[in-house]
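The structure appears below as structure tokens.
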Number of protein chains: 2
Amino acid sequence: LRLTHFKLCPFSRAARILIGELHLEANLDPVLPWALTPAFLNKTPSARLPVLELDDETHLSGFYALSEFMADAQIHEMDIADLLTGAPHSDELPAKPLAVMPGDIEDRAEIRRLIEWFHQKCDREVTQEFLYEKVRLVLDRRVAAPPNAGILRSARSNLRYHLDYIGFLSDQRRWLGGDDFSLADIVAAAHVSIADYLGEIIWEDVPHALGWYQRVKSRKSFRPLLGDRLVGVAPAAHYAELDF
Amino acid sequence: LRLTHFKLCPFSRAARILIGELHLEANLDPVLPWALTPAFLNKTPSARLPVLELDDETHLSGFYALSEFMADAQIHEMDIADLLTGAPHSDELPAKPLAVMPGDIEDRAEIRRLIEWFHQKCDREVTQEFLYEKVRLVLDRRVAAPPNAGILRSARSNLRYHLDYIGFLSDQRRWLGGDDFSLADIVAAAHVSIADYLGEIIWEDVPHALGWYQRVKSRKSFRPLLGDRLVGVAPAAHYAELDF
């Protein structure tokens with residue numbers, strides 16, 4: 001099981017957390033999304049990260065195909081570990097892997113509504129703006145330039161709005177999508193963790209979102225992400241701390 | 001069954017085609033995405049179009065929640081028409097509604113890969129750019145300005161790349177996602193139809209994509225979209241023609 005990913009790509013991060021929650025293990029193959037190799041593009045012309053290789057012939061390209069594949073396997077009671085030939089983690093983990101799409105048909109619609117909210121709206125108006133201004137302009141010599149202050153200002157104001165929405169939801173419910181930890185939390189946490197890595201969150205201002213993020217951060221599936229370091233772009237000092 | 005939509009929103013258009021393919025009928029409630037009312041925002045704070053109201057309490061917000069709800073209902077062999085209290089269309093239609101997610105688990109992963117490709121990549125680099133430059137700048141007095149020639153040039157060059165990919169796929173397969181007409185075709189056609197409405201496609205240059213689009217356009221589910229007229233932004237002369 002092999003996952004081609006970029007450390008600060010929200011789709012890649014969400015896939016890594018999901019894989020951990022399913023008690024699977026994947027070998028990680030890091031790439032820079034603006035410098036994909038011809039070999040990679042030949043295999044996956046759509047160039048959507050992440051790409052999960054199940055075997056030589058089958059690749060899941062993009063988070064939507066990947067996450068719904070896992071849900072699909074669970075619905076049809078396929079053994080995901082068998083299907084993917086991935087070895088389960090050690091015995092320390094809780095016995096049951098995450099139910100990818102729990103609840104009834106309306107619960108699942110709510111989880112998917114939130115996934116779209118973060119992976120499309122938050123991605124466009126917050127995450128991709130920060131990634132371009134604070135990561136790509138630094139690391140990609142072809143576009144090197146100072147960040148655009150106006151874009152950063154608007155991304156920060158949008159981020160605050162998304163954090164307030166997370167706070168609002170986690171005030172009403174145990175987790176964002178309902179009673180259970182779900183893909184909605186995974187996807188939201190992927191975006192929040194990138195803004196946090198880049199030092200963009202003032203946690204004192206958003207206590208409700210903070211409480212939720214502390215709970216996500218302390219999950220075993222989240223730990224590997226806390227060890228991420230992107231060469232050339234250091235994380236905020238508190239990025240890996242569980243108590244921040 | 002009531003669908004809040006915007007005539008040139010790709011997510012809304014895909015939902016309308018899907019609803020037609022499922023032999024359902026929805027009352028259409030048109031809105032402008034940049035002028036949503038407080039009443040609408042109270043009901044659906046995420047403000048993602050389209051919104052399908054199943055009943056007073058249940059709203060499906062966003063295309064992902066909506067399309068996977070339909071797939072979910074089919075997997076669990078719920079009668080969608082019953083579930084949605086929507087009346088079926090007239091008897092002229094073929095007896096069987098579209099299977100929303102056909103084939104095996106890998107076929108479905110391929111369909112979802114393509115949906116993400118169009119709804120995220122094509123949306124960001126083509127559709128939303130055209131919509132902003134050619135529709136919103138015209139209709140929304142608060143941002144009125146001449147279109148940005150550089151952005152239009154880049155959206156056009158990206159569009160050509162997407163049309164070539166459609167041509168490539170429809171050369172290899174009967175439909176974009178495989179042997180059967182599927183959500184992948186619906187979503188791709190939603191984006192293509194917006195570029196076509198705005199007169200951005202030179203069909204002589206892309207004969208393979210043309211052949212595919214003619215087949216989609218002649219489906220009954222697509223007809224209502226060919227009657228769309230957005231006040232202030234006229235469609236291209238050939239927009240509604242089946243032979244173009």
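Identifiers in this document derive from the order of the structure tokens: chains are assigned A, B, ..., residues are numbered from 1 separately in each chain, and ligands are numbered from 1 in order of occurrence.
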### Non-local contacts of B:Ala184 (7 Å; only C-alpha atoms; under 5 positions in same chain excluded) as a PyMOL selection string
chain B and resi 111+114-115+176-177
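Backbone DSSP of stretch 26-128 of chain B yields strand (DSSP E or B) at Asn27, Leu28, Asp29, Pro30, Val51, Leu52, Glu53, His59, Leu60 and Ser61 of chain B.
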#### Entry: Residue hits in chain B, query chain A, radius 10 Å, only C-alpha atoms, as JSON, numbers by chain
{"B": [45, 46, 47, 48, 58, 59, 60, 61, 62, 63, 64, 65, 66, 67, 68, 69, 70, 72, 73, 75, 76, 104, 105, 106, 108, 109, 110, 111, 112, 113, 114, 115, 116, 117, 118, 119, 120, 121, 124, 165]}
### Query
Between B:Leu225, B:Arg156, B:Lys43, B:Pro50, which has the minimum distance to B:Ala15 (counting only C-alpha atoms)?
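The closest residue to B:Ala15 is B:Pro50.
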### Message
When DSSP is applied to the backbone of this structure, which of stretch 168-243 of chain B are assigned helix (DSSP H, G or I)? Write them out as a ChimeraX atom specification.
### Response
/B:168-172,183-197,203-205,207-217,220-226
### Given only C-alpha atoms as the counted atoms, nearest of B:Arg215, B:Lys7, B:Arg142, B:Lys96 to B:Arg229
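Ranked by minimum distance to B:Arg229, first place goes to B:Lys7.
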#### Entry: Coordinates-based distance that separates atom CA of B:Phe6 from atom CA of B:Leu32 (Å, one decimal)
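One can read the atom CA of B:Leu32 to atom CA of B:Phe6 distance as 5.9 Å.
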#### Entry: Interatomic distance, atom CA of A:Gly178 to atom CA of A:Ile202 (Å, one decimal)
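Spanning atom CA of A:Gly178 to atom CA of A:Ile202 is a straight-line distance of 26.0 Å.
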### Which residue of B:Glu200, B:Asp140, B:Asp56, B:Asp171 approaches B:Pro33 most closely, using only C-alpha atoms
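Closest to B:Pro33 of all the choices is B:Asp140.
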### Message
Just want the 9 Å neighbourhood of B:Arg174, counted on only C-alpha atoms, with same-chain residues fewer than 6 positions away dropped. Output as a ChimeraX atom specification.
### Response
/B:180-181,212
Output C-alpha atoms for every residue in that selection, as a tab-separated table (two decimals), in the first residue's frame.
chain	number	residue	atom	x	y	z
B	180	ASP	CA	-22.38	3.23	-19.03
B	181	PHE	CA	-23.57	6.79	-18.91
B	212	TRP	CA	-19.59	12.99	-26.67
Can you pull out the residues contacting B:Val143? Cut-off 12 Å, using only C-alpha atoms, and skip same-chain residues under 5 positions away; I want them as an mmCIF file with C-alpha atoms, in the first residue's frame.
data_model
loop_
_atom_site.group_PDB
_atom_site.id
_atom_site.type_symbol
_atom_site.label_atom_id
_atom_site.label_comp_id
_atom_site.auth_asym_id
_atom_site.auth_seq_id
_atom_site.Cartn_x
_atom_site.Cartn_y
_atom_site.Cartn_z
ATOM 1 C CA TRP B 34 -23.653 36.403 -4.736
ATOM 2 C CA TYR B 132 -16.637 35.609 -12.371
ATOM 3 C CA GLU B 133 -15.285 37.423 -15.422
ATOM 4 C CA LYS B 134 -18.253 36.984 -17.769
ATOM 5 C CA VAL B 135 -21.264 36.742 -15.470
ATOM 6 C CA ARG B 136 -20.667 38.231 -12.052
ATOM 7 C CA LEU B 137 -18.758 41.279 -13.288
ATOM 8 C CA VAL B 138 -21.721 41.931 -15.582
#
### Task
For atom CA of A:Leu22 and atom CA of A:His5, quote the distance in Å rounded to one decimal.
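Pair atom CA of A:Leu22 / atom CA of A:His5 returns 17.9 Å.
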Do you know which residues are at most 12 Å from A:Gln214 counting only C-alpha atoms, after dropping those on the same chain fewer than 3 positions away, and could you put them as a PDB file with N, CA and C atoms, in the first residue's frame?
ATOM      1  N   ASP A 185     -14.808  15.308  10.708  1.00  0.00           N
ATOM      2  CA  ASP A 185     -13.739  15.772  11.601  1.00  0.00           C
ATOM      3  C   ASP A 185     -12.373  15.634  10.936  1.00  0.00           C
ATOM      4  N   ALA A 189     -10.054  18.774  10.217  1.00  0.00           N
ATOM      5  CA  ALA A 189      -8.768  18.808  10.913  1.00  0.00           C
ATOM      6  C   ALA A 189      -7.611  18.913   9.918  1.00  0.00           C
ATOM      7  N   VAL A 192      -7.500  22.661   9.173  1.00  0.00           N
ATOM      8  CA  VAL A 192      -7.083  23.413  10.359  1.00  0.00           C
ATOM      9  C   VAL A 192      -5.603  23.175  10.647  1.00  0.00           C
ATOM     10  N   SER A 193      -5.148  21.927  10.479  1.00  0.00           N
ATOM     11  CA  SER A 193      -3.759  21.609  10.829  1.00  0.00           C
ATOM     12  C   SER A 193      -2.768  22.316   9.904  1.00  0.00           C
ATOM     13  N   TRP A 203      -5.185  30.670  18.947  1.00  0.00           N
ATOM     14  CA  TRP A 203      -6.118  29.757  19.604  1.00  0.00           C
ATOM     15  C   TRP A 203      -6.918  30.401  20.730  1.00  0.00           C
ATOM     16  N   PRO A 207     -11.871  29.447  21.469  1.00  0.00           N
ATOM     17  CA  PRO A 207     -11.817  28.372  22.472  1.00  0.00           C
ATOM     18  C   PRO A 207     -12.644  27.139  22.107  1.00  0.00           C
ATOM     19  N   HIS A 208     -13.773  27.309  21.433  1.00  0.00           N
ATOM     20  CA  HIS A 208     -14.600  26.138  21.109  1.00  0.00           C
ATOM     21  C   HIS A 208     -13.918  25.268  20.050  1.00  0.00           C
ATOM     22  N   ALA A 209     -13.373  25.915  19.038  1.00  0.00           N
ATOM     23  CA  ALA A 209     -12.641  25.164  18.013  1.00  0.00           C
ATOM     24  C   ALA A 209     -11.403  24.511  18.634  1.00  0.00           C
ATOM     25  N   LEU A 210     -10.775  25.206  19.589  1.00  0.00           N
ATOM     26  CA  LEU A 210      -9.603  24.656  20.265  1.00  0.00           C
ATOM     27  C   LEU A 210      -9.920  23.339  20.962  1.00  0.00           C
ATOM     28  N   GLY A 211     -11.032  23.308  21.691  1.00  0.00           N
ATOM     29  CA  GLY A 211     -11.402  22.084  22.410  1.00  0.00           C
ATOM     30  C   GLY A 211     -11.569  20.912  21.448  1.00  0.00           C
ATOM     31  N   LYS A 217      -6.442  16.025  17.778  1.00  0.00           N
ATOM     32  CA  LYS A 217      -4.982  15.939  17.786  1.00  0.00           C
ATOM     33  C   LYS A 217      -4.477  14.793  18.660  1.00  0.00           C
ATOM     34  N   SER A 218      -5.251  14.457  19.681  1.00  0.00           N
ATOM     35  CA  SER A 218      -4.778  13.411  20.587  1.00  0.00           C
ATOM     36  C   SER A 218      -5.095  12.011  20.070  1.00  0.00           C
ATOM     37  N   ARG A 219      -5.758  11.901  18.953  1.00  0.00           N
ATOM     38  CA  ARG A 219      -6.017  10.576  18.380  1.00  0.00           C
ATOM     39  C   ARG A 219      -4.740  10.008  17.772  1.00  0.00           C
ATOM     40  N   PHE A 222      -3.656  10.765  14.237  1.00  0.00           N
ATOM     41  CA  PHE A 222      -3.195  12.116  13.915  1.00  0.00           C
ATOM     42  C   PHE A 222      -1.698  12.300  14.181  1.00  0.00           C
ATOM     43  N   ARG A 223      -1.156  11.434  15.038  1.00  0.00           N
ATOM     44  CA  ARG A 223       0.244  11.611  15.472  1.00  0.00           C
ATOM     45  C   ARG A 223       1.257  11.748  14.340  1.00  0.00           C
ATOM     46  N   TYR A 239       3.028  23.648  17.060  1.00  0.00           N
ATOM     47  CA  TYR A 239       2.343  22.785  16.093  1.00  0.00           C
ATOM     48  C   TYR A 239       2.165  21.343  16.572  1.00  0.00           C
ATOM     49  N   ALA A 240       3.223  20.758  17.168  1.00  0.00           N
ATOM     50  CA  ALA A 240       3.166  19.341  17.520  1.00  0.00           C
ATOM     51  C   ALA A 240       2.702  19.107  18.957  1.00  0.00           C
ATOM     52  N   GLU A 241       2.460  20.179  19.720  1.00  0.00           N
ATOM     53  CA  GLU A 241       2.087  20.003  21.130  1.00  0.00           C
ATOM     54  C   GLU A 241       0.620  19.608  21.279  1.00  0.00           C
ATOM     55  N   LEU A 242       0.367  18.695  22.224  1.00  0.00           N
ATOM     56  CA  LEU A 242      -1.015  18.280  22.443  1.00  0.00           C
ATOM     57  C   LEU A 242      -1.731  19.263  23.364  1.00  0.00           C
ATOM     58  N   ASP A 243      -0.945  19.969  24.167  1.00  0.00           N
ATOM     59  CA  ASP A 243      -1.525  20.959  25.078  1.00  0.00           C
ATOM     60  C   ASP A 243      -0.996  22.321  24.650  1.00  0.00           C
ATOM     61  N   PHE A 244      -1.832  23.111  23.973  1.00  0.00           N
ATOM     62  CA  PHE A 244      -1.326  24.347  23.365  1.00  0.00           C
ATOM     63  C   PHE A 244      -2.224  25.534  23.671  1.00  0.00           C
TER      64      PHE A 244
END
### Task
Might you pull out every residue within 8 Å of B:Cys122, with only C-alpha atoms counted and same-chain residues fewer than 4 positions away left off, and present them as a ChimeraX atom specification?
/B:117-118,126-127,158-159,162,191
